[in-house]
Amino acid sequence: MIEPVFEVFARKTRGEPLRHIGFINAADGDLARVYAWKTYDEQNWDEMCVIPRSAIIPVDPQESQFVTMMGRDAEQELVHSAGTGSYGGGEVTR
Amino acid sequence: MSATATDARVESAAELADDARAALRSLVLALADSKRVLGLRYSDRMLGAPTLEAGIAASSMAQDEWGHARLTYAMLGDFGDDPKALEHERPAAEYRSHPALDAGFDSWADFIACILLVDTALAVQYGALVESRYTPAHNRVQKMLDEERFHFQYAAGWVRRMAAVPEVRDELAASLARYLPQALQWLGDDDGPASRRLVDQGLVSASPSALRARFLARVGPVLVDADLARGLGLSRRDGGEWLVSQSLSFDGWNEEARRSGGALDEQTAARARGDKNRALLMD
């Protein structure tokens with residue numbers, strides 16, 4: 001089971017631009033919201049958003065650094081194994 | 001009882017009649033102990049979670065629960081208790097924790113079922129304190145409930161995911177079936193003197209049955225989405241009230257302890273008290 005990647009954006013104050021702070025893997029949007037909040041809650045954010053990586057459209061796919069491989073299995077596997085490959089568990093994830 | 005007497009704000013437990021104060025103290029202690037033990041059980045799932053993110057969130061939720069426990073124990077200072085003694089000096093037999101938490105989790109399914117059903121039952125009971133006449137509860141409780149929204153989303157997401165995996169679906173259904181009656185019963189007996197006193201005095205905003213209805217309205221849609229509701233005897237009458245096929249029995253129900261028997265084991269109580277680091281406790 002491969003989980004989609006969600007990019008996490010946040011701002012500290014109202015009016016400040018959203019900025020990219022990281023990414024998480026999650027089975028769906030609800031879990032992505034929880035994981036983002038629980039993973040990046042060390043700072044006092046005014047607002048946090050998660051965006052499915054697959055929803056990001058690079059203006060120039062050749063130059064895009066983190067969505068160049070968007071939607072391809074190779075990229076999904078790379079991201080997934082970087083986060084969970086040596087973690088153990090596996091009661092559910094296969 | 002005049003309307004004025006039950007509408008007036010209560011700023012201190014000392015303003016309450018003895019029986020009402022005892023009933024509210026029992027409820028608050030049951031909530032505090034349940035949160036403390038719940039946090040312990042969650043912490044056992046920080047490592048070995050199915051995904052890194054799920055483990056991080058479990059760790060954060062364990063911290064949430066211990067924070068909630070600390071806030072709730074602190075409320076009991078107003079009832080003449082020493083919160084520090086409550087946290088660190090009681091034997092297991094005096095713990096009022098939720099009976100569903102007496103045993104640890106055997107599986108990820110147990111963990112998820114417990115968050116959805118037991119944690120939500122606690123949140124619903126806390127919710128009944130938001131509109132209490134006893135004002136010291138208000139602000140503290142609202143902050144806890146804000147955090148509990150994430151716990152519920154976590155459980156709902158995992159229930160949906162596990163229900164779609166044939167290898168773990170039955171295990172999840174069994175865990176839910178074990179926790180559901182305990183979660184419902186823990187909300188109390190409408191006919192219990194303490195429950196009635198809490199409602200009559202405006203110290204909680206809803207009766208045990210009304211809280212059960214709120215609880216079912218919250219968890220029911222998640223279980224229907226996962227096609228698990230019917231197997232649990234849960235149905236909805238014409239899009240309105242949720243019904244449970246299994247009737248609750250309060251035979252042998254100890255209203256003060258909120259259980260019909262059993263107790264927390266000493267080993268878990270020792271962890272809850274922090275026995276191993278007792279020499280390092282700070283005032």
# chains A, B, ... in the order shown; residues from 1 in each chain; ligands from 1

$ select_by_dssp --residues "range 97-144 of chain B" --states "helix (DSSP H, G or I)" --output "number ranges by chain"
B: 99-101, 108-130, 135-144

$ write_last_selection --atoms "C-alpha atoms" --output "short mmCIF file (atom, residue, chain, number, x, y, z; two decimals), in the first residue's frame"
data_model
loop_
_atom_site.label_atom_id
_atom_site.label_comp_id
_atom_site.auth_asym_id
_atom_site.auth_seq_id
_atom_site.Cartn_x
_atom_site.Cartn_y
_atom_site.Cartn_z
CA PRO B 99 -12.44 0.16 32.51
CA ALA B 100 -11.76 -0.26 28.78
CA LEU B 101 -8.22 0.93 29.54
CA TRP B 108 -3.11 -1.45 15.99
CA ALA B 109 -6.82 -2.26 15.63
CA ASP B 110 -7.26 -1.99 19.42
CA PHE B 111 -5.48 1.36 19.38
CA ILE B 112 -7.64 2.81 16.61
CA ALA B 113 -10.90 1.43 18.05
CA CYS B 114 -10.01 2.90 21.44
CA ILE B 115 -9.34 6.35 20.01
CA LEU B 116 -12.59 6.34 18.08
CA LEU B 117 -14.78 5.02 20.89
CA VAL B 118 -13.17 5.56 24.30
CA ASP B 119 -11.42 8.86 23.57
CA THR B 120 -14.59 10.17 21.92
CA ALA B 121 -16.71 9.09 24.90
CA LEU B 122 -14.35 11.04 27.15
CA ALA B 123 -14.53 14.06 24.83
CA VAL B 124 -18.33 13.95 24.85
CA GLN B 125 -18.34 13.83 28.66
CA TYR B 126 -15.88 16.75 28.79
CA GLY B 127 -18.18 18.56 26.37
CA ALA B 128 -20.95 18.38 28.95
CA LEU B 129 -18.74 20.48 31.24
CA VAL B 130 -18.36 23.34 28.74
CA THR B 135 -17.13 28.02 35.58
CA PRO B 136 -13.56 26.87 36.42
CA ALA B 137 -14.09 24.03 33.93
CA HIS B 138 -14.95 26.18 30.93
CA ASN B 139 -11.66 27.45 29.47
CA ARG B 140 -9.64 24.36 30.30
CA VAL B 141 -12.19 22.05 28.74
CA GLN B 142 -12.53 24.00 25.51
CA LYS B 143 -8.78 23.82 24.86
CA MET B 144 -8.85 20.06 25.35
#

$ interface_residues --of "chain B" --to "chain A" --cutoff "10 Å" --atoms "only C-alpha atoms" --output "ChimeraX atom specification"
/B:47-61,107-109,149-158,160-162,165,167-168

$ residues_around --residues "Ala30 in chain B" --least-positions-apart "3" --cutoff "9 Å" --atoms "only C-alpha atoms" --output "NGL selection string"
:B and (25-27 or 33-35 or 95-98 or 256-258)

$ atom_distance --atom1 "CA of Trp242 in chain B" --atom2 "CA of Gly220 in chain B"
7.4 Å

$ closest_residue --among "B:Trp66, B:Tyr73, B:Tyr134, B:Trp253" --to "Asp190 in chain B" --atoms "only C-alpha atoms"
B:Trp253

$ closest_residue --among "B:Ala269, B:Ala213, B:Ala32, B:Ala206" --to "Ala103 in chain B" --atoms "only C-alpha atoms"
B:Ala269

$ atom_distance --atom1 "CA of Arg90 in chain B" --atom2 "CA of Leu203 in chain B"
26.5 Å

$ residues_around --residues "Ser207 in chain B" --least-positions-apart "5" --cutoff "9 Å" --atoms "only C-alpha atoms" --output "mmCIF file with all heavy atoms, in the first residue's frame"
data_model
loop_
_atom_site.group_PDB
_atom_site.id
_atom_site.type_symbol
_atom_site.label_atom_id
_atom_site.label_comp_id
_atom_site.auth_asym_id
_atom_site.auth_seq_id
_atom_site.Cartn_x
_atom_site.Cartn_y
_atom_site.Cartn_z
ATOM 1 N N ALA B 128 -19.819 18.063 28.071
ATOM 2 C CA ALA B 128 -20.949 18.381 28.953
ATOM 3 C C ALA B 128 -20.541 19.333 30.064
ATOM 4 O O ALA B 128 -21.391 19.862 30.785
ATOM 5 C CB ALA B 128 -21.523 17.091 29.545
ATOM 6 N N LEU B 187 -20.590 6.332 30.084
ATOM 7 C CA LEU B 187 -21.250 7.646 30.122
ATOM 8 C C LEU B 187 -22.289 7.737 31.230
ATOM 9 O O LEU B 187 -22.772 8.831 31.537
ATOM 10 C CB LEU B 187 -21.857 7.972 28.750
ATOM 11 C CG LEU B 187 -20.801 8.276 27.671
ATOM 12 C CD1 LEU B 187 -21.417 8.280 26.283
ATOM 13 C CD2 LEU B 187 -20.095 9.601 27.947
ATOM 14 N N GLY B 188 -22.611 6.592 31.845
ATOM 15 C CA GLY B 188 -23.386 6.632 33.079
ATOM 16 C C GLY B 188 -24.822 6.163 32.994
ATOM 17 O O GLY B 188 -25.368 5.931 31.916
ATOM 18 N N ASP B 189 -25.403 6.033 34.184
ATOM 19 C CA ASP B 189 -26.773 5.555 34.357
ATOM 20 C C ASP B 189 -27.691 6.753 34.633
ATOM 21 O O ASP B 189 -27.471 7.483 35.606
ATOM 22 C CB ASP B 189 -26.790 4.571 35.535
ATOM 23 C CG ASP B 189 -28.175 4.012 35.812
ATOM 24 O OD1 ASP B 189 -29.094 4.263 35.007
ATOM 25 O OD2 ASP B 189 -28.327 3.327 36.849
ATOM 26 N N ASP B 190 -28.696 6.918 33.785
ATOM 27 C CA ASP B 190 -29.626 8.044 33.978
ATOM 28 C C ASP B 190 -30.243 8.053 35.375
ATOM 29 O O ASP B 190 -30.570 9.109 35.910
ATOM 30 C CB ASP B 190 -30.770 7.966 32.953
ATOM 31 C CG ASP B 190 -30.322 8.414 31.568
ATOM 32 O OD1 ASP B 190 -29.325 9.140 31.481
ATOM 33 O OD2 ASP B 190 -30.981 8.021 30.591
ATOM 34 N N SER B 195 -25.555 11.009 38.853
ATOM 35 C CA SER B 195 -25.848 11.519 37.505
ATOM 36 C C SER B 195 -27.005 12.506 37.555
ATOM 37 O O SER B 195 -26.966 13.569 36.914
ATOM 38 C CB SER B 195 -26.225 10.367 36.562
ATOM 39 O OG SER B 195 -25.118 9.579 36.273
ATOM 40 N N ARG B 196 -28.038 12.122 38.288
ATOM 41 C CA ARG B 196 -29.221 13.001 38.361
ATOM 42 C C ARG B 196 -28.863 14.333 39.022
ATOM 43 O O ARG B 196 -29.328 15.391 38.608
ATOM 44 C CB ARG B 196 -30.337 12.290 39.133
ATOM 45 C CG ARG B 196 -31.009 11.190 38.325
ATOM 46 C CD ARG B 196 -32.492 11.101 38.654
ATOM 47 N NE ARG B 196 -32.713 10.884 40.079
ATOM 48 C CZ ARG B 196 -32.917 9.687 40.622
ATOM 49 N NH1 ARG B 196 -32.949 8.609 39.864
ATOM 50 N NH2 ARG B 196 -33.110 9.568 41.905
ATOM 51 N N LEU B 198 -25.946 15.836 39.098
ATOM 52 C CA LEU B 198 -25.121 16.655 38.193
ATOM 53 C C LEU B 198 -25.999 17.385 37.173
ATOM 54 O O LEU B 198 -25.775 18.555 36.865
ATOM 55 C CB LEU B 198 -24.098 15.779 37.463
ATOM 56 C CG LEU B 198 -22.930 15.235 38.297
ATOM 57 C CD1 LEU B 198 -22.130 14.212 37.503
ATOM 58 C CD2 LEU B 198 -22.019 16.374 38.752
ATOM 59 N N VAL B 199 -27.008 16.682 36.668
ATOM 60 C CA VAL B 199 -27.900 17.294 35.673
ATOM 61 C C VAL B 199 -28.820 18.308 36.351
ATOM 62 O O VAL B 199 -28.952 19.457 35.878
ATOM 63 C CB VAL B 199 -28.723 16.214 34.941
ATOM 64 C CG1 VAL B 199 -29.742 16.856 34.004
ATOM 65 C CG2 VAL B 199 -27.803 15.277 34.160
ATOM 66 N N ARG B 212 -24.927 9.783 25.349
ATOM 67 C CA ARG B 212 -24.792 8.613 24.465
ATOM 68 C C ARG B 212 -25.273 8.962 23.055
ATOM 69 O O ARG B 212 -24.686 8.545 22.060
ATOM 70 C CB ARG B 212 -25.564 7.412 25.028
ATOM 71 C CG ARG B 212 -24.735 6.561 25.974
ATOM 72 C CD ARG B 212 -25.480 5.301 26.417
ATOM 73 N NE ARG B 212 -26.453 5.579 27.464
ATOM 74 C CZ ARG B 212 -26.137 5.662 28.749
ATOM 75 N NH1 ARG B 212 -24.893 5.474 29.143
ATOM 76 N NH2 ARG B 212 -27.060 5.923 29.654
#

$ atom_distance --atom1 "CA of Lys276 in chain B" --atom2 "CA of Arg36 in chain B"
16.3 Å

$ select_by_dssp --residues "range 11-56 of chain A" --states "strand (DSSP E or B)" --output "list in words"
Arg11, Arg19, His20, Ile21, Gly22, Phe23, Ile24, Asn25, Glu47, Met48, Cys49, Val50, Ile51 and Pro52 of chain A

$ closest_residue --among "A:Pro58, A:Tyr40, A:Val5, A:Met48" --to "Pro17 in chain A" --atoms "only C-alpha atoms"
A:Met48

$ decode --residues "range 58-171 of chain B" --atoms "C-alpha atoms" --output "compact mmCIF listing (two decimals), in the first residue's frame"
# COMPACT_ATOMS: atom_id res chain seq x y z
CA ALA B 58 0.45 8.81 18.38
CA SER B 59 3.32 10.34 20.32
CA SER B 60 1.76 13.79 20.10
CA MET B 61 -1.65 12.47 21.15
CA ALA B 62 -0.08 10.72 24.16
CA GLN B 63 1.36 14.09 25.17
CA ASP B 64 -2.04 15.70 24.63
CA GLU B 65 -3.67 13.18 26.94
CA TRP B 66 -1.11 13.69 29.68
CA GLY B 67 -1.56 17.42 29.34
CA HIS B 68 -5.32 16.98 29.62
CA ALA B 69 -4.83 14.77 32.68
CA ARG B 70 -2.60 17.36 34.32
CA LEU B 71 -5.14 20.13 33.69
CA THR B 72 -7.96 17.97 34.98
CA TYR B 73 -6.13 16.88 38.15
CA ALA B 74 -5.37 20.55 38.79
CA MET B 75 -9.11 21.28 38.79
CA LEU B 76 -9.47 19.03 41.84
CA GLY B 77 -7.48 21.43 43.99
CA ASP B 78 -10.71 23.41 44.24
CA PHE B 79 -12.37 20.35 45.79
CA GLY B 80 -9.91 20.14 48.67
CA ASP B 81 -7.67 17.58 47.00
CA ASP B 82 -3.91 17.79 46.63
CA PRO B 83 -3.47 17.31 42.85
CA LYS B 84 0.12 16.15 43.29
CA ALA B 85 -0.97 13.42 45.70
CA LEU B 86 -3.70 12.35 43.29
CA GLU B 87 -1.17 12.08 40.48
CA HIS B 88 1.65 10.37 42.31
CA GLU B 89 0.54 8.68 45.51
CA ARG B 90 -2.56 6.55 44.96
CA PRO B 91 -2.68 2.74 44.75
CA ALA B 92 -4.18 1.17 41.65
CA ALA B 93 -7.41 0.32 43.48
CA GLU B 94 -8.15 4.04 43.87
CA TYR B 95 -7.84 4.84 40.18
CA ARG B 96 -11.13 5.71 38.48
CA SER B 97 -9.85 5.21 34.95
CA HIS B 98 -12.10 3.97 32.18
CA PRO B 99 -12.44 0.16 32.51
CA ALA B 100 -11.76 -0.26 28.78
CA LEU B 101 -8.22 0.93 29.54
CA ASP B 102 -7.49 -1.73 32.19
CA ALA B 103 -5.88 -3.86 29.49
CA GLY B 104 -3.24 -2.60 27.08
CA PHE B 105 -3.65 -2.72 23.32
CA ASP B 106 -2.93 -6.02 21.61
CA SER B 107 -2.92 -4.56 18.13
CA TRP B 108 -3.11 -1.45 15.99
CA ALA B 109 -6.82 -2.26 15.63
CA ASP B 110 -7.26 -1.99 19.42
CA PHE B 111 -5.48 1.36 19.38
CA ILE B 112 -7.64 2.81 16.61
CA ALA B 113 -10.90 1.43 18.05
CA CYS B 114 -10.01 2.90 21.44
CA ILE B 115 -9.34 6.35 20.01
CA LEU B 116 -12.59 6.34 18.08
CA LEU B 117 -14.78 5.02 20.89
CA VAL B 118 -13.17 5.56 24.30
CA ASP B 119 -11.42 8.86 23.57
CA THR B 120 -14.59 10.17 21.92
CA ALA B 121 -16.71 9.09 24.90
CA LEU B 122 -14.35 11.04 27.15
CA ALA B 123 -14.53 14.06 24.83
CA VAL B 124 -18.33 13.95 24.85
CA GLN B 125 -18.34 13.83 28.66
CA TYR B 126 -15.88 16.75 28.79
CA GLY B 127 -18.18 18.56 26.37
CA ALA B 128 -20.95 18.38 28.95
CA LEU B 129 -18.74 20.48 31.24
CA VAL B 130 -18.36 23.34 28.74
CA GLU B 131 -21.82 24.63 29.63
CA SER B 132 -21.57 23.72 33.29
CA ARG B 133 -22.55 26.23 35.95
CA TYR B 134 -19.15 25.40 37.43
CA THR B 135 -17.13 28.02 35.58
CA PRO B 136 -13.56 26.87 36.42
CA ALA B 137 -14.09 24.03 33.93
CA HIS B 138 -14.95 26.18 30.93
CA ASN B 139 -11.66 27.45 29.47
CA ARG B 140 -9.64 24.36 30.30
CA VAL B 141 -12.19 22.05 28.74
CA GLN B 142 -12.53 24.00 25.51
CA LYS B 143 -8.78 23.82 24.86
CA MET B 144 -8.85 20.06 25.35
CA LEU B 145 -11.79 19.64 23.01
CA ASP B 146 -10.00 21.65 20.32
CA GLU B 147 -7.13 19.16 20.46
CA GLU B 148 -9.49 16.21 20.55
CA ARG B 149 -10.79 17.08 17.08
CA PHE B 150 -7.47 15.87 15.69
CA HIS B 151 -7.70 12.62 17.66
CA PHE B 152 -11.10 11.97 16.16
CA GLN B 153 -9.90 12.71 12.62
CA TYR B 154 -6.97 10.37 13.17
CA ALA B 155 -9.25 7.56 14.31
CA ALA B 156 -11.75 8.18 11.51
CA GLY B 157 -9.02 8.13 8.87
CA TRP B 158 -7.55 4.90 10.18
CA VAL B 159 -10.94 3.20 10.55
CA ARG B 160 -11.68 3.97 6.91
CA ARG B 161 -8.29 2.75 5.83
CA MET B 162 -8.32 -0.46 7.88
CA ALA B 163 -11.87 -1.31 6.89
CA ALA B 164 -10.68 -1.36 3.28
CA VAL B 165 -7.91 -3.88 3.99
CA PRO B 166 -9.40 -7.41 4.10
CA GLU B 167 -6.59 -8.80 6.27
CA VAL B 168 -7.30 -6.41 9.17
CA ARG B 169 -10.96 -5.55 8.71
CA ASP B 170 -12.27 -8.36 10.96
CA GLU B 171 -9.73 -7.56 13.64
